[in-house]
$ cat target_1.cif   # mmCIF, C-alpha atoms and all ligand atoms
data_coords
#
loop_
_atom_site.label_atom_id
_atom_site.label_comp_id
_atom_site.auth_asym_id
_atom_site.auth_seq_id
_atom_site.Cartn_x
_atom_site.Cartn_y
_atom_site.Cartn_z
CA MET A 1257 35.42 -26.95 132.33
CA PRO A 1258 34.76 -23.27 131.58
CA ASP A 1259 34.39 -22.44 127.93
CA VAL A 1260 37.83 -21.01 127.03
CA PRO A 1261 37.70 -19.24 123.66
CA VAL A 1262 39.99 -20.72 121.00
CA MET A 1263 43.30 -18.78 121.04
CA GLY A 1264 42.14 -16.74 124.04
CA ASP A 1265 43.77 -15.95 127.39
CA PRO A 1266 45.22 -19.16 128.92
CA GLY A 1267 44.78 -17.79 132.46
CA PRO A 1268 47.38 -17.50 135.23
CA THR A 1269 48.64 -21.10 134.92
CA GLY A 1270 49.21 -20.74 131.18
CA ARG A 1271 47.47 -23.93 130.14
CA PHE A 1272 46.28 -24.72 126.62
CA GLY A 1273 44.26 -27.84 127.35
CA ARG A 1274 46.80 -30.25 128.84
CA PHE A 1275 49.75 -28.37 127.32
CA GLY A 1276 51.78 -25.32 128.37
CA GLY A 1277 52.39 -24.47 132.02
CA MET A 1278 55.43 -23.12 133.88
CA PHE A 1279 57.92 -25.97 134.32
CA VAL A 1280 60.88 -23.95 135.53
CA PRO A 1281 63.34 -24.22 138.43
CA GLU A 1282 62.15 -22.59 141.63
CA THR A 1283 64.63 -19.75 141.10
CA LEU A 1284 62.84 -18.72 137.88
CA MET A 1285 59.27 -18.85 139.18
CA PRO A 1286 59.28 -15.27 140.56
CA ALA A 1287 60.63 -13.97 137.23
CA CYS A 1288 57.90 -15.73 135.23
CA ILE A 1289 55.21 -14.54 137.63
CA GLU A 1290 56.53 -10.97 137.53
CA LEU A 1291 56.61 -11.08 133.73
CA GLU A 1292 53.06 -12.41 133.45
CA ALA A 1293 51.79 -9.61 135.73
CA ALA A 1294 53.76 -6.96 133.82
CA PHE A 1295 52.52 -8.18 130.44
CA ARG A 1296 48.92 -8.41 131.63
CA ASP A 1297 49.14 -4.86 132.93
CA ALA A 1298 50.85 -3.47 129.80
CA TRP A 1299 48.50 -5.25 127.40
CA GLY A 1300 45.53 -3.64 129.14
CA ASP A 1301 47.13 -0.18 129.02
CA GLU A 1302 46.19 2.06 126.09
CA SER A 1303 49.42 4.04 126.32
CA PHE A 1304 51.59 0.91 125.99
CA ARG A 1305 49.50 -0.32 123.08
CA SER A 1306 49.71 2.96 121.22
CA GLU A 1307 53.47 3.27 121.80
CA LEU A 1308 53.93 -0.23 120.35
CA ASP A 1309 51.55 0.49 117.45
CA ALA A 1310 53.57 3.58 116.58
CA LEU A 1311 56.82 1.57 116.48
CA LEU A 1312 55.18 -1.13 114.36
CA GLN A 1313 53.95 1.49 111.93
CA HIS A 1314 56.84 3.95 111.72
CA TYR A 1315 59.80 1.65 112.38
CA ALA A 1316 58.76 -1.85 111.26
CA GLY A 1317 56.59 -0.70 108.35
CA ARG A 1318 53.21 -2.18 109.34
CA PRO A 1319 50.67 -2.90 108.08
CA SER A 1320 52.39 -5.35 105.76
CA PRO A 1321 50.58 -5.75 102.41
CA MET A 1322 48.59 -8.70 101.15
CA THR A 1323 49.33 -9.90 97.61
CA ARG A 1324 47.03 -11.92 95.36
CA CYS A 1325 49.08 -14.38 93.27
CA GLU A 1326 47.48 -14.62 89.82
CA ARG A 1327 50.30 -16.45 88.06
CA LEU A 1328 51.00 -18.90 90.88
CA GLY A 1329 47.26 -19.60 91.22
CA ALA A 1330 46.97 -20.33 87.50
CA GLU A 1331 50.06 -22.56 87.53
CA LEU A 1332 48.50 -24.56 90.37
CA GLY A 1333 45.44 -25.16 88.21
CA GLY A 1334 43.03 -22.58 89.62
CA VAL A 1335 43.75 -21.96 93.28
CA THR A 1336 43.16 -18.48 94.72
CA VAL A 1337 46.41 -17.75 96.59
CA LEU A 1338 46.92 -14.78 98.87
CA LEU A 1339 50.22 -13.96 100.58
CA LYS A 1340 50.53 -12.04 103.84
CA ARG A 1341 53.75 -10.15 103.22
CA GLU A 1342 55.68 -10.36 106.50
CA ASP A 1343 58.80 -10.50 104.30
CA LEU A 1344 58.41 -6.75 103.77
CA ASN A 1345 58.81 -5.83 107.45
CA HIS A 1346 62.02 -4.22 108.70
CA THR A 1347 64.63 -6.99 109.23
CA GLY A 1348 62.77 -9.13 106.71
CA SER A 1349 60.42 -11.30 108.73
CA HIS A 1350 57.58 -11.44 111.26
CA LYS A 1351 60.10 -11.60 114.14
CA ILE A 1352 60.21 -7.81 114.56
CA ASN A 1353 56.59 -7.78 115.91
CA ASN A 1354 57.56 -9.85 118.93
CA VAL A 1355 60.91 -8.25 119.73
CA LEU A 1356 59.55 -4.71 119.61
CA GLY A 1357 56.78 -5.78 122.01
CA GLN A 1358 59.18 -7.46 124.42
CA ALA A 1359 61.82 -4.72 124.28
CA LEU A 1360 59.17 -2.12 125.06
CA LEU A 1361 57.84 -4.28 127.90
CA ALA A 1362 61.38 -4.65 129.31
CA LYS A 1363 61.74 -0.87 129.29
CA ARG A 1364 58.44 -0.53 131.11
CA MET A 1365 59.65 -3.06 133.71
CA GLY A 1366 62.80 -1.01 134.28
CA LYS A 1367 65.09 -3.67 132.80
CA ARG A 1368 67.88 -2.25 130.70
CA ARG A 1369 69.36 -5.50 129.39
CA LEU A 1370 67.96 -8.15 127.01
CA VAL A 1371 69.18 -11.72 126.66
CA ALA A 1372 68.04 -13.91 123.79
CA GLU A 1373 68.70 -17.29 122.22
CA THR A 1374 69.16 -17.74 118.53
CA GLY A 1375 69.54 -20.66 116.13
CA ALA A 1376 70.22 -19.45 112.62
CA GLY A 1377 70.59 -15.93 113.97
CA GLN A 1378 67.35 -14.36 112.77
CA HIS A 1379 65.84 -13.86 116.22
CA GLY A 1380 69.20 -12.69 117.55
CA VAL A 1381 69.44 -10.07 114.82
CA ALA A 1382 65.86 -8.93 115.47
CA THR A 1383 66.52 -8.66 119.24
CA ALA A 1384 69.77 -6.77 118.68
CA THR A 1385 67.84 -4.42 116.39
CA ALA A 1386 65.19 -3.66 119.01
CA ALA A 1387 67.86 -3.23 121.69
CA ALA A 1388 69.75 -0.74 119.50
CA LEU A 1389 66.54 1.19 118.87
CA LEU A 1390 65.65 1.44 122.55
CA GLY A 1391 69.21 1.83 123.89
CA GLN A 1392 69.29 -1.48 125.77
CA GLU A 1393 72.23 -3.80 126.38
CA CYS A 1394 71.89 -7.08 124.54
CA THR A 1395 73.49 -10.51 124.91
CA VAL A 1396 72.62 -13.25 122.43
CA TYR A 1397 73.41 -16.92 123.06
CA MET A 1398 74.11 -19.00 120.01
CA GLY A 1399 75.30 -22.59 119.70
CA GLU A 1400 78.98 -22.84 118.72
CA VAL A 1401 78.06 -24.93 115.72
CA ASP A 1402 75.51 -22.33 114.59
CA MET A 1403 78.01 -19.48 115.09
CA ALA A 1404 80.35 -21.14 112.64
CA ARG A 1405 77.52 -21.82 110.15
CA GLN A 1406 76.01 -18.33 110.36
CA GLU A 1407 79.01 -16.02 110.46
CA LEU A 1408 77.18 -13.22 108.71
CA ASN A 1409 74.43 -13.02 111.32
CA VAL A 1410 77.05 -13.06 114.11
CA PHE A 1411 78.64 -10.04 112.43
CA ARG A 1412 75.24 -8.33 112.03
CA MET A 1413 74.45 -8.73 115.73
CA ARG A 1414 77.85 -7.31 116.73
CA LEU A 1415 77.37 -4.42 114.31
CA LEU A 1416 74.06 -3.69 116.04
CA GLY A 1417 75.90 -3.48 119.36
CA ALA A 1418 75.04 -6.89 120.80
CA GLU A 1419 77.39 -9.31 122.53
CA VAL A 1420 77.22 -12.81 121.02
CA LYS A 1421 78.13 -15.63 123.40
CA PRO A 1422 78.72 -19.23 122.30
CA ALA A 1423 76.66 -22.04 123.84
CA SER A 1424 79.21 -24.84 124.05
CA SER A 1425 77.27 -27.56 125.86
CA GLY A 1426 75.32 -30.49 124.39
CA SER A 1427 74.89 -30.42 120.63
CA ARG A 1428 75.99 -26.74 120.62
CA THR A 1429 72.87 -25.65 118.71
CA LEU A 1430 69.55 -23.88 119.41
CA LYS A 1431 68.27 -25.95 122.33
CA ASP A 1432 71.59 -25.40 124.15
CA ALA A 1433 71.39 -21.66 123.45
CA VAL A 1434 67.93 -21.63 125.11
CA ASN A 1435 69.41 -23.36 128.19
CA GLU A 1436 72.26 -20.80 128.37
CA ALA A 1437 69.89 -17.85 127.98
CA MET A 1438 67.70 -19.19 130.82
CA ARG A 1439 70.78 -19.68 133.01
CA ASP A 1440 71.85 -16.08 132.36
CA TRP A 1441 68.33 -14.85 133.14
CA VAL A 1442 68.25 -16.67 136.51
CA ALA A 1443 71.47 -14.91 137.54
CA THR A 1444 70.62 -11.42 136.27
CA VAL A 1445 66.84 -11.19 136.56
CA GLU A 1446 67.04 -7.89 138.53
CA ASN A 1447 68.03 -5.89 135.45
CA THR A 1448 67.51 -8.35 132.58
CA HIS A 1449 64.57 -9.47 130.46
CA TYR A 1450 64.73 -12.75 128.53
CA CYS A 1451 63.47 -11.96 125.03
CA LEU A 1452 62.32 -15.41 123.88
CA GLY A 1453 61.88 -15.86 120.13
CA SER A 1454 58.80 -18.01 119.63
CA VAL A 1455 55.54 -19.19 121.20
CA MET A 1456 57.38 -21.62 123.45
CA GLY A 1457 58.96 -21.82 126.87
CA PRO A 1458 57.20 -21.32 130.19
CA HIS A 1459 54.05 -19.23 130.64
CA PRO A 1460 53.61 -16.34 129.88
CA TYR A 1461 55.84 -16.61 126.76
CA PRO A 1462 53.62 -18.76 124.49
CA TRP A 1463 50.66 -16.47 125.17
CA MET A 1464 52.61 -13.18 125.19
CA VAL A 1465 54.51 -13.89 121.96
CA ARG A 1466 51.26 -14.91 120.24
CA GLU A 1467 49.64 -11.66 121.37
CA PHE A 1468 52.57 -9.64 120.00
CA HIS A 1469 52.04 -11.38 116.64
CA ARG A 1470 48.25 -11.08 116.74
CA VAL A 1471 48.57 -7.83 114.78
CA LEU A 1472 49.40 -9.80 111.66
CA GLY A 1473 46.30 -11.97 112.04
CA ILE A 1474 44.07 -8.94 112.56
CA GLU A 1475 45.48 -7.22 109.47
CA ALA A 1476 45.26 -10.41 107.42
CA ARG A 1477 41.59 -10.94 108.23
CA ARG A 1478 40.71 -7.38 107.23
CA GLN A 1479 42.79 -7.57 104.05
CA SER A 1480 41.31 -10.96 103.04
CA ILE A 1481 37.83 -9.53 103.30
CA GLU A 1482 38.88 -6.50 101.23
CA LEU A 1483 40.36 -8.73 98.50
CA LEU A 1484 37.93 -11.69 98.52
CA GLY A 1485 34.83 -10.30 100.17
CA ASP A 1486 35.21 -13.11 102.68
CA VAL A 1487 37.73 -14.94 104.87
CA PRO A 1488 39.85 -17.50 102.98
CA ASP A 1489 38.93 -21.19 103.00
CA VAL A 1490 42.37 -22.21 104.26
CA VAL A 1491 45.08 -20.38 106.25
CA VAL A 1492 48.58 -21.88 106.01
CA ALA A 1493 51.83 -21.10 107.82
CA CYS A 1494 55.14 -22.85 108.48
CA VAL A 1495 55.83 -24.03 112.03
CA GLY A 1496 59.18 -24.01 113.82
CA GLY A 1497 58.33 -22.96 117.37
CA GLY A 1498 55.09 -21.70 115.87
CA SER A 1499 55.02 -17.91 116.30
CA ASN A 1500 54.20 -16.77 112.78
CA ALA A 1501 51.53 -19.49 112.56
CA ALA A 1502 50.05 -18.47 115.93
CA GLY A 1503 49.90 -14.85 114.80
CA ILE A 1504 48.00 -15.54 111.61
CA PHE A 1505 45.82 -18.33 113.08
CA SER A 1506 44.70 -15.99 115.86
CA GLY A 1507 43.00 -13.75 113.29
CA PHE A 1508 40.85 -16.62 112.00
CA ALA A 1509 40.41 -18.90 115.04
CA ASP A 1510 36.68 -18.15 115.30
CA ASP A 1511 36.03 -18.39 111.55
CA ARG A 1512 35.20 -21.45 109.49
CA CYS A 1513 38.72 -21.39 107.93
CA GLU A 1514 40.85 -24.54 107.96
CA LEU A 1515 44.11 -23.84 109.81
CA VAL A 1516 47.19 -25.67 108.54
CA GLY A 1517 50.65 -25.54 110.16
CA VAL A 1518 53.38 -27.02 107.98
CA GLU A 1519 56.38 -28.67 109.63
CA PRO A 1520 59.65 -29.85 108.08
CA ALA A 1521 59.65 -33.65 107.70
CA GLY A 1522 62.99 -33.73 109.61
CA GLY A 1523 61.62 -31.77 112.58
CA ALA A 1524 57.96 -32.66 112.81
CA ALA A 1525 57.24 -32.14 116.51
CA VAL A 1526 53.46 -32.40 116.18
CA GLY A 1527 53.52 -35.07 113.48
CA GLY A 1528 56.40 -37.12 114.89
CA GLY A 1529 56.80 -36.07 118.50
CA VAL A 1530 55.41 -37.29 121.80
CA PRO A 1531 54.19 -35.27 124.79
CA GLY A 1532 57.01 -34.22 127.09
CA ILE A 1533 58.52 -31.34 129.04
CA VAL A 1534 61.38 -29.15 127.83
CA HIS A 1535 62.34 -25.50 128.15
CA GLY A 1536 59.65 -24.88 130.75
CA MET A 1537 56.62 -26.16 128.84
CA GLN A 1538 54.62 -29.31 128.30
CA SER A 1539 54.22 -29.93 124.59
CA PHE A 1540 55.00 -32.30 121.71
CA LEU A 1541 58.70 -32.99 121.29
CA LYS A 1542 61.02 -35.12 119.26
CA GLN A 1543 62.54 -37.52 121.81
CA ASP A 1544 64.65 -40.64 121.72
CA GLU A 1545 63.76 -43.84 123.61
CA PHE A 1546 65.32 -42.39 126.77
CA GLY A 1547 63.20 -39.24 126.61
CA GLN A 1548 66.20 -37.12 125.55
CA VAL A 1549 65.36 -34.30 123.15
CA GLU A 1550 66.32 -35.23 119.60
CA GLU A 1551 67.98 -32.86 117.14
CA ALA A 1552 65.76 -31.59 114.37
CA ALA A 1553 67.19 -31.62 110.85
CA SER A 1554 65.80 -29.51 108.06
CA ILE A 1555 67.02 -27.52 105.09
CA SER A 1556 65.81 -24.43 106.89
CA ALA A 1557 67.74 -23.50 110.02
CA GLY A 1558 64.82 -21.38 111.25
CA LEU A 1559 62.63 -24.48 111.61
CA ASP A 1560 65.27 -26.61 113.37
CA TYR A 1561 63.51 -26.66 116.73
CA PRO A 1562 62.74 -30.13 118.14
CA GLY A 1563 59.63 -28.92 119.99
CA VAL A 1564 56.60 -26.85 119.14
CA GLY A 1565 54.69 -24.22 121.09
CA PRO A 1566 52.13 -25.71 123.51
CA GLU A 1567 49.17 -23.93 121.94
CA HIS A 1568 49.88 -25.73 118.67
CA ALA A 1569 49.97 -29.03 120.55
CA HIS A 1570 46.53 -28.13 121.87
CA LEU A 1571 45.18 -26.98 118.48
CA ALA A 1572 46.36 -30.30 117.04
CA ALA A 1573 44.97 -32.42 119.88
CA SER A 1574 41.61 -30.64 119.71
CA GLY A 1575 41.45 -30.95 115.92
CA ARG A 1576 41.14 -27.19 115.29
CA ALA A 1577 44.35 -27.16 113.21
CA THR A 1578 46.31 -29.81 111.31
CA TYR A 1579 50.09 -30.17 111.01
CA PRO A 1580 51.27 -31.95 107.88
CA SER A 1581 54.95 -32.02 106.95
CA VAL A 1582 56.85 -31.49 103.70
CA THR A 1583 60.24 -32.74 102.58
CA ASP A 1584 63.33 -30.69 101.78
CA ALA A 1585 62.93 -31.64 98.10
CA GLU A 1586 59.39 -30.19 98.04
CA VAL A 1587 60.68 -27.02 99.72
CA ILE A 1588 63.41 -26.56 97.10
CA GLU A 1589 60.76 -26.82 94.37
CA ALA A 1590 58.45 -24.35 96.11
CA PHE A 1591 61.27 -21.84 96.65
CA GLN A 1592 61.79 -21.73 92.89
CA LEU A 1593 58.09 -21.84 92.05
CA LEU A 1594 57.20 -18.67 93.96
CA SER A 1595 60.32 -16.86 92.72
CA ARG A 1596 59.55 -17.71 89.09
CA THR A 1597 55.79 -17.08 89.07
CA GLU A 1598 55.47 -14.04 91.33
CA GLY A 1599 58.88 -12.37 91.54
CA ILE A 1600 59.01 -13.03 95.27
CA ILE A 1601 61.97 -15.00 96.67
CA PRO A 1602 60.67 -16.52 99.91
CA ALA A 1603 62.70 -17.56 102.94
CA LEU A 1604 63.07 -21.35 103.14
CA GLU A 1605 60.75 -21.41 106.17
CA PRO A 1606 57.59 -20.09 104.42
CA ALA A 1607 58.60 -22.07 101.32
CA HIS A 1608 57.35 -25.02 103.44
CA ALA A 1609 53.86 -23.50 103.42
CA ILE A 1610 54.04 -22.90 99.65
CA ALA A 1611 55.22 -26.51 99.20
CA TRP A 1612 52.13 -27.83 100.99
CA VAL A 1613 49.83 -25.67 98.80
CA SER A 1614 51.61 -26.95 95.72
CA ARG A 1615 51.27 -30.59 96.82
CA GLU A 1616 47.56 -30.13 97.64
CA ARG A 1617 46.74 -28.21 94.46
CA ALA A 1618 44.12 -30.72 93.29
CA SER A 1619 42.08 -30.59 96.49
CA LEU A 1620 42.52 -26.79 96.69
CA ARG A 1621 41.22 -26.11 93.17
CA GLY A 1622 38.50 -23.44 93.24
CA ARG A 1623 39.26 -22.60 96.86
CA SER A 1624 41.06 -19.67 98.48
CA VAL A 1625 44.28 -20.12 100.45
CA LEU A 1626 46.06 -17.52 102.54
CA VAL A 1627 49.77 -18.22 103.05
CA ASN A 1628 51.77 -16.38 105.69
CA LEU A 1629 54.96 -15.39 103.89
CA SER A 1630 56.91 -15.11 107.15
CA GLY A 1631 60.18 -13.87 105.66
CA ARG A 1632 62.22 -12.97 102.61
CA GLY A 1633 64.73 -15.26 100.98
CA ASP A 1634 67.88 -13.14 100.73
CA LYS A 1635 69.45 -15.01 103.65
CA ASP A 1636 68.92 -18.33 101.85
CA VAL A 1637 70.08 -17.45 98.35
CA ALA A 1638 73.70 -18.57 98.83
CA GLN A 1639 72.59 -21.92 100.30
CA MET A 1640 70.16 -22.47 97.41
CA MET A 1641 72.86 -21.61 94.88
CA GLU A 1642 74.95 -24.46 96.32
CA ILE A 1643 72.02 -26.87 96.33
CA LEU A 1644 70.89 -26.07 92.79
CA ARG A 1645 74.36 -26.11 91.28
C1 LIG B 1 62.30 -17.80 112.69
C2 LIG B 1 61.47 -17.93 111.49
C3 LIG B 1 60.45 -18.88 111.41
C4 LIG B 1 60.18 -19.92 112.46
O1 LIG B 1 59.69 -19.44 113.67
P1 LIG B 1 58.16 -19.57 114.11
O2 LIG B 1 58.20 -19.22 115.55
O3 LIG B 1 57.72 -20.98 113.87
O4 LIG B 1 57.39 -18.61 113.29
C5 LIG B 1 59.67 -18.89 110.26
N1 LIG B 1 59.90 -18.04 109.24
C6 LIG B 1 60.88 -17.13 109.28
C7 LIG B 1 61.08 -16.23 108.12
C8 LIG B 1 61.71 -17.04 110.41
O5 LIG B 1 62.70 -16.14 110.43
#
$ encode --input "target_1.cif" --output "structure tokens"
Amino acid sequence: MPDVPVMGDPGPTGRFGRFGGMFVPETLMPACIELEAAFRDAWGDESFRSELDALLQHYAGRPSPMTRCERLGAELGGVTVLLKREDLNHTGSHKINNVLGQALLAKRMGKRRLVAETGAGQHGVATATAAALLGQECTVYMGEVDMARQELNVFRMRLLGAEVKPASSGSRTLKDAVNEAMRDWVATVENTHYCLGSVMGPHPYPWMVREFHRVLGIEARRQSIELLGDVPDVVVACVGGGSNAAGIFSGFADDRCELVGVEPAGGAAVGGGVPGIVHGMQSFLKQDEFGQVEEAASISAGLDYPGVGPEHAHLAASGRATYPSVTDAEVIEAFQLLSRTEGIIPALEPAHAIAWVSRERASLRGRSVLVNLSGRGDKDVAQMMEILR
């Protein structure tokens, strides 16, 4: 086996060890192959890179800051805690990095329409935002059940000029929205790009989406060294599909840092899943005894994905990263802890990462921990008000 660098280029077959690949119907193979060639070409082109960098800087607000948490660190008994502030990006999370990259790539490929899937609506809103900015048509598929639960995000997407279409098959949630978006893409591939929202799906998506989020890992490494004089001992991120974790891990893959991806206990694909194939990739999935994909259940809609990106499956299998899980009760505590000690209300997703740090405080004493604060908590305040009442 050639020595593939950790978090490097997975090559034309898109394999991360025994995970990844392109498990799509024959009709989608040309689209995936065309996309891989277009991304490879764009990513090697200085003019594409500088156009994207300019959007990230002047539109999304990069670089995002890094905050040292004195009060939280003291409350945890002497842990050095740093936060990478993806919550301060335009649209309030890391998702903008990926959608700006893909929307710009679609433009370069001559495709004037984007389709996307969304669960809670965050990726749909981000995609609709990028489409509005670049003057592209946008259709977002969302499970019927999720549309009813997330009315506000449906309204946001429509305000941004996107068409929101219900996915009414299966459990009428995220995995069904992915199926609908893929079906649309097969039929419209001439003029349409599928803007997938995490490091999942068939090659080249897991690799491409990670590369679009690499910017946050590069910034975080530089900022850690500025603040600590060194890289942190531990890098922690929450894992749904795994894009914000892949972005920050990529900055530290060659360092001595421990990499920790935190899953919700109700949707632990690495911790509780088995190898299988879904949505075009081989990875760890939650499955029932018949091999059917099982619904994930977590307090945080953004982590309700029953699978995980194939590179995380590989990082877990190879031992480079670990994937513990935390319970909803621990997340509710952590949400309040960060709000109270630092004046930062986190999204429920990164509250999972904070919850793990809080649980591990004894073993982390005297060490430095970098947490990727993937998003802000405004969207979750109403839900928390109900829970805490
Ligand atoms: C969507 C989302 C996630 C989960 O997606 P990943 O691909 O696992 O990063 C995490 N945090 C926030 C704030 C999100 O909006």
$ axis_aligned_box --input "target_1.cif" --around "ligand LIG 1 (chain B)" --padding-each-side "5 Å" --output "JSON"
{"center_x": 60.0, "center_y": -18.6, "center_z": 111.8, "size_x": 15.3, "size_y": 14.8, "size_z": 17.4}
$ residues_near_ligand --input "target_1.cif" --ligand "ligand LIG 1 (chain B)" --cutoff "6 Å" --atoms "all atoms listed in the file" --output "PDB file with C-alpha atoms, keeping the file's coordinate frame"
ATOM      1  CA  SER A1349      60.420 -11.300 108.730  1.00  0.00           C
ATOM      2  CA  GLN A1378      67.350 -14.360 112.770  1.00  0.00           C
ATOM      3  CA  SER A1454      58.800 -18.010 119.630  1.00  0.00           C
ATOM      4  CA  VAL A1495      55.830 -24.030 112.030  1.00  0.00           C
ATOM      5  CA  GLY A1496      59.180 -24.010 113.820  1.00  0.00           C
ATOM      6  CA  GLY A1497      58.330 -22.960 117.370  1.00  0.00           C
ATOM      7  CA  GLY A1498      55.090 -21.700 115.870  1.00  0.00           C
ATOM      8  CA  SER A1499      55.020 -17.910 116.300  1.00  0.00           C
ATOM      9  CA  ASN A1500      54.200 -16.770 112.780  1.00  0.00           C
ATOM     10  CA  ALA A1501      51.530 -19.490 112.560  1.00  0.00           C
ATOM     11  CA  GLY A1558      64.820 -21.380 111.250  1.00  0.00           C
ATOM     12  CA  LEU A1559      62.630 -24.480 111.610  1.00  0.00           C
ATOM     13  CA  ALA A1603      62.700 -17.560 102.940  1.00  0.00           C
ATOM     14  CA  GLU A1605      60.750 -21.410 106.170  1.00  0.00           C
ATOM     15  CA  PRO A1606      57.590 -20.090 104.420  1.00  0.00           C
ATOM     16  CA  SER A1630      56.910 -15.110 107.150  1.00  0.00           C
ATOM     17  CA  GLY A1631      60.180 -13.870 105.660  1.00  0.00           C
TER      18      GLY A1631
END
$ residues_around --input "target_1.cif" --residues "His1568 (chain A)" --least-positions-apart "5" --cutoff "8 Å" --atoms "only C-alpha atoms" --output "number ranges by chain"
A: 1498, 1502, 1526, 1577
$ closest_residue --input "target_1.cif" --among "A:Asn1345, A:Thr1583, A:Thr1323, A:Ser1306" --to "Val1627 (chain A)" --atoms "only C-alpha atoms"
A:Thr1323
$ closest_residue --input "target_1.cif" --among "A:Asp1402, A:Glu1482, A:Glu1475, A:Glu1446" --to "Phe1508 (chain A)" --atoms "all atoms listed in the file"
A:Glu1475
$ closest_residue --input "target_1.cif" --among "A:Cys1288, A:Ile1588, A:Val1396, A:Ala1384" --to "Ile1643 (chain A)" --atoms "all atoms listed in the file"
A:Ile1588
$ residues_around --input "target_1.cif" --residues "region 1338-1340 of chain A" --least-positions-apart "2" --cutoff "9 Å" --atoms "only C-alpha atoms" --output "compact mmCIF listing (two decimals) with C-alpha atoms, in the coordinates of the input"
# COMPACT_ATOMS: atom_id res chain seq x y z
CA SER A 1320 52.39 -5.35 105.76
CA PRO A 1321 50.58 -5.75 102.41
CA MET A 1322 48.59 -8.70 101.15
CA THR A 1323 49.33 -9.90 97.61
CA ARG A 1324 47.03 -11.92 95.36
CA CYS A 1325 49.08 -14.38 93.27
CA THR A 1336 43.16 -18.48 94.72
CA GLU A 1342 55.68 -10.36 106.50
CA ASP A 1343 58.80 -10.50 104.30
CA LEU A 1472 49.40 -9.80 111.66
CA GLU A 1475 45.48 -7.22 109.47
CA ALA A 1476 45.26 -10.41 107.42
CA GLN A 1479 42.79 -7.57 104.05
CA SER A 1480 41.31 -10.96 103.04
CA LEU A 1483 40.36 -8.73 98.50
CA PRO A 1488 39.85 -17.50 102.98
CA ILE A 1504 48.00 -15.54 111.61
CA SER A 1624 41.06 -19.67 98.48
CA VAL A 1625 44.28 -20.12 100.45
CA LEU A 1626 46.06 -17.52 102.54
CA VAL A 1627 49.77 -18.22 103.05
CA ASN A 1628 51.77 -16.38 105.69
CA LEU A 1629 54.96 -15.39 103.89
CA SER A 1630 56.91 -15.11 107.15
$ residues_near_point --input "target_1.cif" --point "(65.9, -24.8, 105.8)" --cutoff "12 Å" --atoms "all atoms listed in the file" --output "ChimeraX atom specification"
/A:1375-1376,1494-1496,1519-1523,1552-1561,1582-1588,1591,1602-1608,1633,1635-1637,1639-1640,1643
$ closest_residue --input "target_1.cif" --among "A:Glu1290, A:Ser1427, A:Glu1373, A:Arg1318" --to "Ile1474 (chain A)" --atoms "all atoms listed in the file"
A:Arg1318
$ closest_residue --input "target_1.cif" --among "A:Cys1394, A:Ala1433, A:Met1365, A:Val1516" --to "Val1613 (chain A)" --atoms "only C-alpha atoms"
A:Val1516
$ closest_atom_pairs --input "target_1.cif" --of "region 1459-1491 of chain A" --to "region 1533-1536 of chain A" --cutoff "12 Å" --atoms "only C-alpha atoms" --output "tab-separated table"
residue	atom	partner	partner_atom	distance
A:His1459	CA	A:Gly1536	CA	8.0
A:Pro1460	CA	A:Gly1536	CA	10.5
A:Tyr1461	CA	A:Gly1536	CA	9.9
A:Pro1462	CA	A:Gly1536	CA	10.6
$ atom_distance --input "target_1.cif" --atom1 "CA of Gly1457 (chain A)" --atom2 "CA of Val1442 (chain A)"
14.3 Å
$ residues_around --input "target_1.cif" --residues "Ala1382 (chain A)" --least-positions-apart "5" --cutoff "7 Å" --atoms "all atoms listed in the file" --output "PyMOL selection string"
chain A and resi 1347+1351-1352+1355
$ residues_around --input "target_1.cif" --residues "region 1417-1420 of chain A" --least-positions-apart "2" --cutoff "8 Å" --atoms "all atoms listed in the file" --output "list in words"
Ala1384, Ala1388, Glu1393, Cys1394, Thr1395, Val1396, Tyr1397, Met1398, Val1410, Met1413, Arg1414, Leu1415 and Pro1422 of chain A
$ closest_residue --input "target_1.cif" --among "A:Ala1287, A:Gly1599, A:Gly1517, A:Ala1298" --to "Ala1443 (chain A)" --atoms "only C-alpha atoms"
A:Ala1287
$ atom_distance --input "target_1.cif" --atom1 "CA of Gln1543 (chain A)" --atom2 "CA of Ala1437 (chain A)"
21.9 Å
$ atom_distance --input "target_1.cif" --atom1 "CA of Met1537 (chain A)" --atom2 "CA of Met1278 (chain A)"
6.0 Å
$ residues_near_point --input "target_1.cif" --point "(55.6, -18.3, 137.3)" --cutoff "10 Å" --atoms "all atoms listed in the file" --output "MDAnalysis selection string"
chainID A and resid 1268:1270 1277:1293 1458:1460
$ residues_around --input "target_1.cif" --residues "Asp1265 (chain A)" --least-positions-apart "4" --cutoff "10 Å" --atoms "only C-alpha atoms" --output "list in words"
Val1260, Pro1261, Gly1270, Arg1271, Phe1272, Trp1463, Met1464 and Glu1467 of chain A
$ write_last_selection --input "target_1.cif" --atoms "C-alpha atoms" --output "CSV table (one decimal), in the coordinates of the input"
chain,number,residue,atom,x,y,z
A,1260,VAL,CA,37.8,-21.0,127.0
A,1261,PRO,CA,37.7,-19.2,123.7
A,1270,GLY,CA,49.2,-20.7,131.2
A,1271,ARG,CA,47.5,-23.9,130.1
A,1272,PHE,CA,46.3,-24.7,126.6
A,1463,TRP,CA,50.7,-16.5,125.2
A,1464,MET,CA,52.6,-13.2,125.2
A,1467,GLU,CA,49.6,-11.7,121.4
